[in-house]
Amino acid sequence: MEDRPITLSPSLSNTHSSSEEDKTVLEIWGGASLHGHVGISGAKNSALVIMAGALLCSQDCLIRNVPALADVTRMAEILSALGVKLERQGNSLLVNASHIAQSKAPYELVSQLRASFFVIGPLLARLGVARIPLPGGCAIGARPVDLHVRGLQAMGADVQIDHGIVNAYLSGRNKRLQGAKIYLDYPSVGATETLMMAATLAEGETIIENAAQEPEVADLANFCRAMGAKIRGAGTNTITILGVPSLHTTDYAIVPDRVEAGTFLVAGAITHSEISLSPVVPDHLTAVIAKLQAIGAQIIEDAPNRLRIVPGHRYVATDIETLPYPGFPTDMQAPLMALLTLSDGDSVITETVFENRFGHVAELTRMGADIRVKGTHAIVRGVPMLSGAPVVATDLRASASLVLAGLAAQGKTTVQGLHHLDRGYENLTAKLQKLGANLQRTQLGADGDSPLVLPDPTTVPTVTKPGVTKPA
Ligand code: EPU
């Protein structure tokens, strides 16, 4: 891949909340029925960590089913800054980390994407040194990295934090991490992934206990195994990794996004519409399906890897507590809350994973929802209807919650803060339009100007010639 350029969608090249983007809004006219089928994209959180995992290998890694998302673009920029060559063609991404020119990730990029901290494990394993800025907190919580750091120390790394940068070194003759038995105080997804990646190239056996069991952890393990890593138990709470000296080229397709699938199931439920979705792995959605059924919707697996939602006439309240997998996912808390605002009775939602993940509550309340927050609990009292209003998304899943509420509300909802939505939902506007929803993305002009209708910036790009991309 010598000198092959990085080819990424130019529309995703800057996902900051610039003044231009602040003027871009999603206008939704609620009340339309949905019908038909929707295709589910590859899992964002698998794609991000698998891209980091490609650093472990000095040969070409072809990753398929990579969603065109702002976060994916950001991760590609970080790998590119480390000297890695990337080439995107549709939903496939070719990564070649034969030459890693840099052991230090740039702060400007890491601070924008927390998942980029995950490169610390592969970089340390490959180069014996990694210098990664602390990613800092984000809208949903402080999000420390102590478990990642303690695990790497247990594997023999010397880790110091100076001036906001995590400096990790390996000393000794052969500069390899050493296998270790690591117990995680909390089954952190990111820490499990960092340590599993680091252990693939370590000397000896590593056992991670109280490991995260999320499907994205298992997907990463499958990707590493496809490159020749020796990993057992991923997807359970004990993962055993026997280090190997090097990994080899692979061609790997990532799993469907369970959170996007869950979001579309709620879209069907909240609009009282029957829709189907594929590809999905129904087992990844067990907790979400159980809650939707408790509320009053029916979910049917009508073909392999395909789900159909049959809505109820009315919905009833249910309690939800977010937990590590296989518990109810924190990423579905905000989307499901939108549905519970319209369900008869009182629901108690308890958020145990992130300390600040109720940003959508104030906005749903502006639309007529009756929600009270007390610490980690939100008490949702069902109301007969929501009414459209201008609302602002505070984080990725909050933005999905507001779109869902807008689909069901009477009148027009205008969602601002779309850079959050573009981090994690590929082509959401077009997918909902195809199902019959009445919505459009517009850029507000000066007073009196007609708004400019815009396409989704998360449309899958196709490579036309090296260095140039255009939406498919
Ligand atoms: N935590 C620590 N110390 C650590 C690591 C985590 O205290 O060293 C705490 C966190 O502060 C948090 C809890 O543990 O309170 C869970 O964090 P975890 O490490 O499990 O989450 P993550 O790896 O940072 C991933 C997803 C999140 C998803 C969570 C939980 C990626 C890129 N992100 O985050 O996805 O919510 O797991 O399932 O994989 C999203 O997609 O919207 C999103 C936020």
# chains A, B, ... in the order shown; residues from 1 in each chain; ligands from 1
$ closest_atom_pairs --of "chain A" --to "ligand 1" --cutoff "6 Å" --atoms "only C-alpha atoms and all ligand atoms" --output "JSON lines"
{"residue": "A:Asn45", "atom": "CA", "partner": "ligand 1", "partner_atom_place_in_ligand_line": "39 (O)", "distance": 4.2}
{"residue": "A:Ala115", "atom": "CA", "partner": "ligand 1", "partner_atom_place_in_ligand_line": "32 (C)", "distance": 4.5}
{"residue": "A:Ala142", "atom": "CA", "partner": "ligand 1", "partner_atom_place_in_ligand_line": "11 (O)", "distance": 5.9}
{"residue": "A:Arg143", "atom": "CA", "partner": "ligand 1", "partner_atom_place_in_ligand_line": "11 (O)", "distance": 3.4}
{"residue": "A:Pro144", "atom": "CA", "partner": "ligand 1", "partner_atom_place_in_ligand_line": "3 (N)", "distance": 4.6}
{"residue": "A:Val145", "atom": "CA", "partner": "ligand 1", "partner_atom_place_in_ligand_line": "8 (O)", "distance": 3.3}
{"residue": "A:Asp146", "atom": "CA", "partner": "ligand 1", "partner_atom_place_in_ligand_line": "8 (O)", "distance": 4.0}
{"residue": "A:Leu147", "atom": "CA", "partner": "ligand 1", "partner_atom_place_in_ligand_line": "8 (O)", "distance": 3.5}
{"residue": "A:His148", "atom": "CA", "partner": "ligand 1", "partner_atom_place_in_ligand_line": "8 (O)", "distance": 5.0}
{"residue": "A:Ser188", "atom": "CA", "partner": "ligand 1", "partner_atom_place_in_ligand_line": "20 (O)", "distance": 3.4}
{"residue": "A:Val189", "atom": "CA", "partner": "ligand 1", "partner_atom_place_in_ligand_line": "20 (O)", "distance": 3.8}
{"residue": "A:Gly190", "atom": "CA", "partner": "ligand 1", "partner_atom_place_in_ligand_line": "23 (O)", "distance": 3.3}
{"residue": "A:Ala191", "atom": "CA", "partner": "ligand 1", "partner_atom_place_in_ligand_line": "5 (C)", "distance": 5.7}
{"residue": "A:Thr330", "atom": "CA", "partner": "ligand 1", "partner_atom_place_in_ligand_line": "36 (O)", "distance": 5.6}
{"residue": "A:Asp331", "atom": "CA", "partner": "ligand 1", "partner_atom_place_in_ligand_line": "36 (O)", "distance": 5.1}
{"residue": "A:Val353", "atom": "CA", "partner": "ligand 1", "partner_atom_place_in_ligand_line": "15 (O)", "distance": 4.8}
{"residue": "A:Phe354", "atom": "CA", "partner": "ligand 1", "partner_atom_place_in_ligand_line": "15 (O)", "distance": 4.3}
{"residue": "A:Leu396", "atom": "CA", "partner": "ligand 1", "partner_atom_place_in_ligand_line": "42 (O)", "distance": 5.6}
{"residue": "A:Arg397", "atom": "CA", "partner": "ligand 1", "partner_atom_place_in_ligand_line": "42 (O)", "distance": 5.7}
$ residues_around --residues "Asn237 in chain A" --least-positions-apart "6" --cutoff "9 Å" --atoms "only C-alpha atoms" --output "number ranges by chain"
A: 187, 208-213
$ closest_residue --among "A:Ala398, A:Ser46, A:Met155, A:Leu444" --to "His360 in chain A" --atoms "only C-alpha atoms"
A:Ala398
$ residues_around --residues "Ala269 in chain A" --least-positions-apart "2" --cutoff "10 Å" --atoms "only C-alpha atoms" --output "PyMOL selection string"
chain A and resi 34+263-267+271-275+292+295-299+309-315+336+339+404+408
$ closest_residue --among "A:Gly156, A:Val415, A:Leu113, A:Ser103" --to "Arg131 in chain A" --atoms "only C-alpha atoms"
A:Ser103
$ residues_around --residues "Glu205 in chain A" --least-positions-apart "6" --cutoff "9 Å" --atoms "only C-alpha atoms" --output "ChimeraX atom specification"
/A:178-181,199,240-243
$ write_last_selection --atoms "C-alpha atoms" --output "PDB file, in the first residue's frame"
ATOM      1  CA  GLN A 178       4.348 -10.047  29.770  1.00  0.00           C
ATOM      2  CA  GLY A 179       1.249 -12.191  30.193  1.00  0.00           C
ATOM      3  CA  ALA A 180      -0.538 -11.549  33.504  1.00  0.00           C
ATOM      4  CA  LYS A 181      -3.662 -12.381  35.471  1.00  0.00           C
ATOM      5  CA  ALA A 199      -2.054  -9.417  25.258  1.00  0.00           C
ATOM      6  CA  THR A 240      -7.635 -16.057  28.094  1.00  0.00           C
ATOM      7  CA  ILE A 241      -5.058 -14.864  25.576  1.00  0.00           C
ATOM      8  CA  LEU A 242      -1.896 -16.725  24.671  1.00  0.00           C
ATOM      9  CA  GLY A 243       0.534 -14.232  23.143  1.00  0.00           C
TER      10      GLY A 243
END
$ closest_residue --among "A:Ala139, A:Met197, A:Ala409, A:Ile161" --to "Gly31 in chain A" --atoms "only C-alpha atoms"
A:Ala409
$ residues_around --residues "Pro256 in chain A" --least-positions-apart "2" --cutoff "8 Å" --atoms "only C-alpha atoms" --output "VMD selection string"
chain A and resid 40 to 43 254 258 279 to 281
$ closest_residue --among "A:Leu402, A:Ala369, A:Ala430, A:Val361" --to "Leu418 in chain A" --atoms "only C-alpha atoms"
A:Leu402
$ residues_around --residues "Leu79 in chain A" --least-positions-apart "6" --cutoff "10 Å" --atoms "only C-alpha atoms" --output "list in words"
Met51, Ala52, Ala54, Leu55, Thr73, Lys85, Leu86, Val95, Asn96, Ala97, Ile100, Gln102, Ala105, Ser116 and Val119 of chain A
$ select_by_dssp --residues "range 221-369 of chain A" --states "strand (DSSP E)" --output "number ranges by chain"
A: 230-232, 238-242, 250-253, 275-278, 298-303, 306-310, 320-321, 346-350
$ residues_around --residues "Cys224 in chain A" --least-positions-apart "4" --cutoff "12 Å" --atoms "only C-alpha atoms" --output "JSON, numbers by chain"
{"A": [49, 50, 51, 52, 53, 54, 55, 56, 57, 61, 63, 122, 193, 196, 197, 198, 199, 200, 201, 217, 218, 219, 220, 228, 229, 230, 231, 232, 234, 241, 242, 243, 244, 246, 247, 248, 249, 250, 251, 252, 254]}
$ write_last_selection --atoms "N, CA and C atoms" --output "tab-separated table (two decimals), in the first residue's frame"
chain	number	residue	atom	x	y	z
A	49	VAL	N	-12.87	0.03	17.46
A	49	VAL	CA	-11.82	-0.73	18.16
A	49	VAL	C	-11.10	-1.68	17.19
A	50	ILE	N	-11.80	-2.17	16.20
A	50	ILE	CA	-11.14	-3.06	15.23
A	50	ILE	C	-10.14	-2.25	14.39
A	51	MET	N	-10.47	-1.00	14.11
A	51	MET	CA	-9.48	-0.15	13.42
A	51	MET	C	-8.23	0.01	14.28
A	52	ALA	N	-8.42	0.20	15.58
A	52	ALA	CA	-7.26	0.28	16.49
A	52	ALA	C	-6.53	-1.06	16.49
A	53	GLY	N	-7.29	-2.16	16.46
A	53	GLY	CA	-6.70	-3.50	16.49
A	53	GLY	C	-5.84	-3.78	15.26
A	54	ALA	N	-6.16	-3.12	14.14
A	54	ALA	CA	-5.39	-3.34	12.91
A	54	ALA	C	-3.94	-2.87	13.08
A	55	LEU	N	-3.70	-2.04	14.10
A	55	LEU	CA	-2.32	-1.60	14.40
A	55	LEU	C	-1.44	-2.77	14.85
A	56	LEU	N	-2.08	-3.84	15.30
A	56	LEU	CA	-1.31	-5.00	15.81
A	56	LEU	C	-0.61	-5.75	14.68
A	57	CYS	N	-1.04	-5.51	13.45
A	57	CYS	CA	-0.61	-6.34	12.32
A	57	CYS	C	0.23	-5.50	11.35
A	61	CYS	N	-4.93	-5.23	6.39
A	61	CYS	CA	-6.14	-5.75	7.04
A	61	CYS	C	-7.33	-5.14	6.32
A	63	ILE	N	-11.13	-4.48	6.40
A	63	ILE	CA	-12.26	-4.50	7.34
A	63	ILE	C	-13.51	-4.14	6.54
A	122	PRO	N	-2.37	-1.66	21.34
A	122	PRO	CA	-1.64	-2.11	20.16
A	122	PRO	C	-0.31	-1.38	19.96
A	193	GLU	N	-10.97	-4.33	26.01
A	193	GLU	CA	-10.47	-4.32	24.62
A	193	GLU	C	-8.98	-3.93	24.57
A	196	MET	N	-6.96	-6.90	25.97
A	196	MET	CA	-7.00	-8.07	25.09
A	196	MET	C	-6.09	-7.83	23.88
A	197	MET	N	-6.15	-6.63	23.30
A	197	MET	CA	-5.29	-6.34	22.14
A	197	MET	C	-3.82	-6.40	22.55
A	198	ALA	N	-3.50	-5.78	23.68
A	198	ALA	CA	-2.09	-5.77	24.14
A	198	ALA	C	-1.60	-7.21	24.35
A	199	ALA	N	-2.47	-8.06	24.89
A	199	ALA	CA	-2.05	-9.42	25.26
A	199	ALA	C	-1.82	-10.32	24.04
A	200	THR	N	-2.40	-9.94	22.89
A	200	THR	CA	-2.23	-10.83	21.71
A	200	THR	C	-0.76	-10.98	21.34
A	201	LEU	N	0.04	-9.93	21.58
A	201	LEU	CA	1.46	-9.99	21.20
A	201	LEU	C	2.38	-10.10	22.42
A	217	VAL	N	-16.78	-6.70	22.08
A	217	VAL	CA	-15.55	-7.32	22.61
A	217	VAL	C	-15.33	-8.65	21.88
A	218	ALA	N	-16.41	-9.42	21.72
A	218	ALA	CA	-16.30	-10.70	21.02
A	218	ALA	C	-15.93	-10.47	19.56
A	219	ASP	N	-16.46	-9.40	18.96
A	219	ASP	CA	-16.16	-9.10	17.56
A	219	ASP	C	-14.66	-8.77	17.40
A	220	LEU	N	-14.15	-7.96	18.34
A	220	LEU	CA	-12.71	-7.64	18.31
A	220	LEU	C	-11.89	-8.92	18.45
A	228	GLY	N	-4.67	-14.45	13.55
A	228	GLY	CA	-3.77	-15.45	14.13
A	228	GLY	C	-3.60	-15.37	15.64
A	229	ALA	N	-4.35	-14.47	16.30
A	229	ALA	CA	-4.23	-14.37	17.77
A	229	ALA	C	-4.88	-15.59	18.41
A	230	LYS	N	-4.40	-15.93	19.62
A	230	LYS	CA	-4.96	-17.09	20.32
A	230	LYS	C	-5.76	-16.56	21.52
A	231	ILE	N	-7.07	-16.50	21.32
A	231	ILE	CA	-7.96	-15.93	22.35
A	231	ILE	C	-9.11	-16.90	22.61
A	232	ARG	N	-9.38	-17.15	23.90
A	232	ARG	CA	-10.52	-18.00	24.28
A	232	ARG	C	-11.40	-17.23	25.25
A	234	ALA	N	-13.80	-14.92	24.84
A	234	ALA	CA	-14.35	-13.58	24.60
A	234	ALA	C	-15.87	-13.69	24.49
A	241	ILE	N	-5.79	-15.19	26.81
A	241	ILE	CA	-5.06	-14.86	25.58
A	241	ILE	C	-3.65	-15.43	25.70
A	242	LEU	N	-3.27	-16.23	24.71
A	242	LEU	CA	-1.90	-16.72	24.67
A	242	LEU	C	-1.16	-15.90	23.62
A	243	GLY	N	-0.16	-15.15	24.06
A	243	GLY	CA	0.53	-14.23	23.14
A	243	GLY	C	1.25	-14.97	22.02
A	244	VAL	N	1.30	-14.33	20.85
A	244	VAL	CA	2.05	-14.88	19.70
A	244	VAL	C	3.04	-13.80	19.25
A	246	SER	N	3.68	-12.53	16.24
A	246	SER	CA	3.18	-11.55	15.27
A	246	SER	C	1.83	-12.02	14.72
A	247	LEU	N	1.13	-11.09	14.08
A	247	LEU	CA	-0.19	-11.41	13.50
A	247	LEU	C	-0.11	-11.20	11.98
A	248	HIS	N	-1.08	-11.81	11.27
A	248	HIS	CA	-0.99	-11.76	9.81
A	248	HIS	C	-2.23	-11.12	9.18
A	249	THR	N	-2.13	-10.90	7.89
A	249	THR	CA	-3.20	-10.25	7.11
A	249	THR	C	-4.56	-10.94	7.28
A	250	THR	N	-5.63	-10.15	7.16
A	250	THR	CA	-6.97	-10.75	7.26
A	250	THR	C	-7.99	-9.94	6.47
A	251	ASP	N	-9.14	-10.56	6.29
A	251	ASP	CA	-10.28	-9.93	5.61
A	251	ASP	C	-11.46	-10.22	6.54
A	252	TYR	N	-12.03	-9.21	7.16
A	252	TYR	CA	-12.97	-9.43	8.27
A	252	TYR	C	-14.17	-8.49	8.14
A	254	ILE	N	-17.39	-6.76	10.11
A	254	ILE	CA	-17.84	-6.52	11.48
A	254	ILE	C	-19.35	-6.76	11.63
$ atom_distance --atom1 "CA of Trp29 in chain A" --atom2 "CA of Ala338 in chain A"
16.1 Å
$ atom_distance --atom1 "CA of Thr236 in chain A" --atom2 "CA of Glu214 in chain A"
8.7 Å
$ closest_residue --among "A:Thr365, A:Gln440, A:Gln410, A:Asn65" --to "Ala32 in chain A" --atoms "only C-alpha atoms"
A:Gln410
$ select_by_dssp --residues "range 147-288 of chain A" --states "helix (DSSP H, G or I)" --output "ChimeraX atom specification"
/A:147-154,189-200,215-226,258-270,282-288
$ closest_residue --among "A:Lys434, A:Arg306, A:His420, A:Arg64" --to "Phe223 in chain A" --atoms "only C-alpha atoms"
A:Arg64
$ decode --residues "range 394-408 of chain A" --atoms "N, CA and C atoms" --output "short mmCIF file (atom, residue, chain, number, x, y, z; two decimals), in the first residue's frame"
data_model
loop_
_atom_site.label_atom_id
_atom_site.label_comp_id
_atom_site.auth_asym_id
_atom_site.auth_seq_id
_atom_site.Cartn_x
_atom_site.Cartn_y
_atom_site.Cartn_z
N THR A 394 -27.70 16.70 23.14
CA THR A 394 -26.54 16.91 23.99
C THR A 394 -25.48 15.83 23.82
N ASP A 395 -25.85 14.68 23.32
CA ASP A 395 -24.90 13.61 23.04
C ASP A 395 -25.52 12.68 22.00
N LEU A 396 -24.75 11.68 21.58
CA LEU A 396 -25.20 10.82 20.49
C LEU A 396 -26.55 10.15 20.74
N ARG A 397 -26.67 9.44 21.84
CA ARG A 397 -27.91 8.68 22.05
C ARG A 397 -29.07 9.60 22.43
N ALA A 398 -28.75 10.77 23.04
CA ALA A 398 -29.78 11.77 23.31
C ALA A 398 -30.36 12.24 21.99
N SER A 399 -29.51 12.39 20.98
CA SER A 399 -30.01 12.87 19.69
C SER A 399 -30.98 11.86 19.09
N ALA A 400 -30.68 10.56 19.24
CA ALA A 400 -31.59 9.53 18.71
C ALA A 400 -32.93 9.60 19.44
N SER A 401 -32.87 9.82 20.75
CA SER A 401 -34.09 9.90 21.55
C SER A 401 -34.99 11.03 21.05
N LEU A 402 -34.38 12.16 20.72
CA LEU A 402 -35.17 13.32 20.27
C LEU A 402 -35.77 13.09 18.89
N VAL A 403 -35.01 12.40 18.02
CA VAL A 403 -35.55 12.08 16.69
C VAL A 403 -36.76 11.15 16.85
N LEU A 404 -36.63 10.15 17.73
CA LEU A 404 -37.74 9.20 17.95
C LEU A 404 -38.97 9.94 18.50
N ALA A 405 -38.73 10.82 19.47
CA ALA A 405 -39.85 11.58 20.04
C ALA A 405 -40.49 12.43 18.95
N GLY A 406 -39.67 13.02 18.08
CA GLY A 406 -40.17 13.86 17.00
C GLY A 406 -41.04 13.08 16.02
N LEU A 407 -40.70 11.82 15.79
CA LEU A 407 -41.49 11.00 14.85
C LEU A 407 -42.91 10.78 15.37
N ALA A 408 -43.05 10.78 16.71
CA ALA A 408 -44.36 10.50 17.31
C ALA A 408 -45.11 11.77 17.70
#
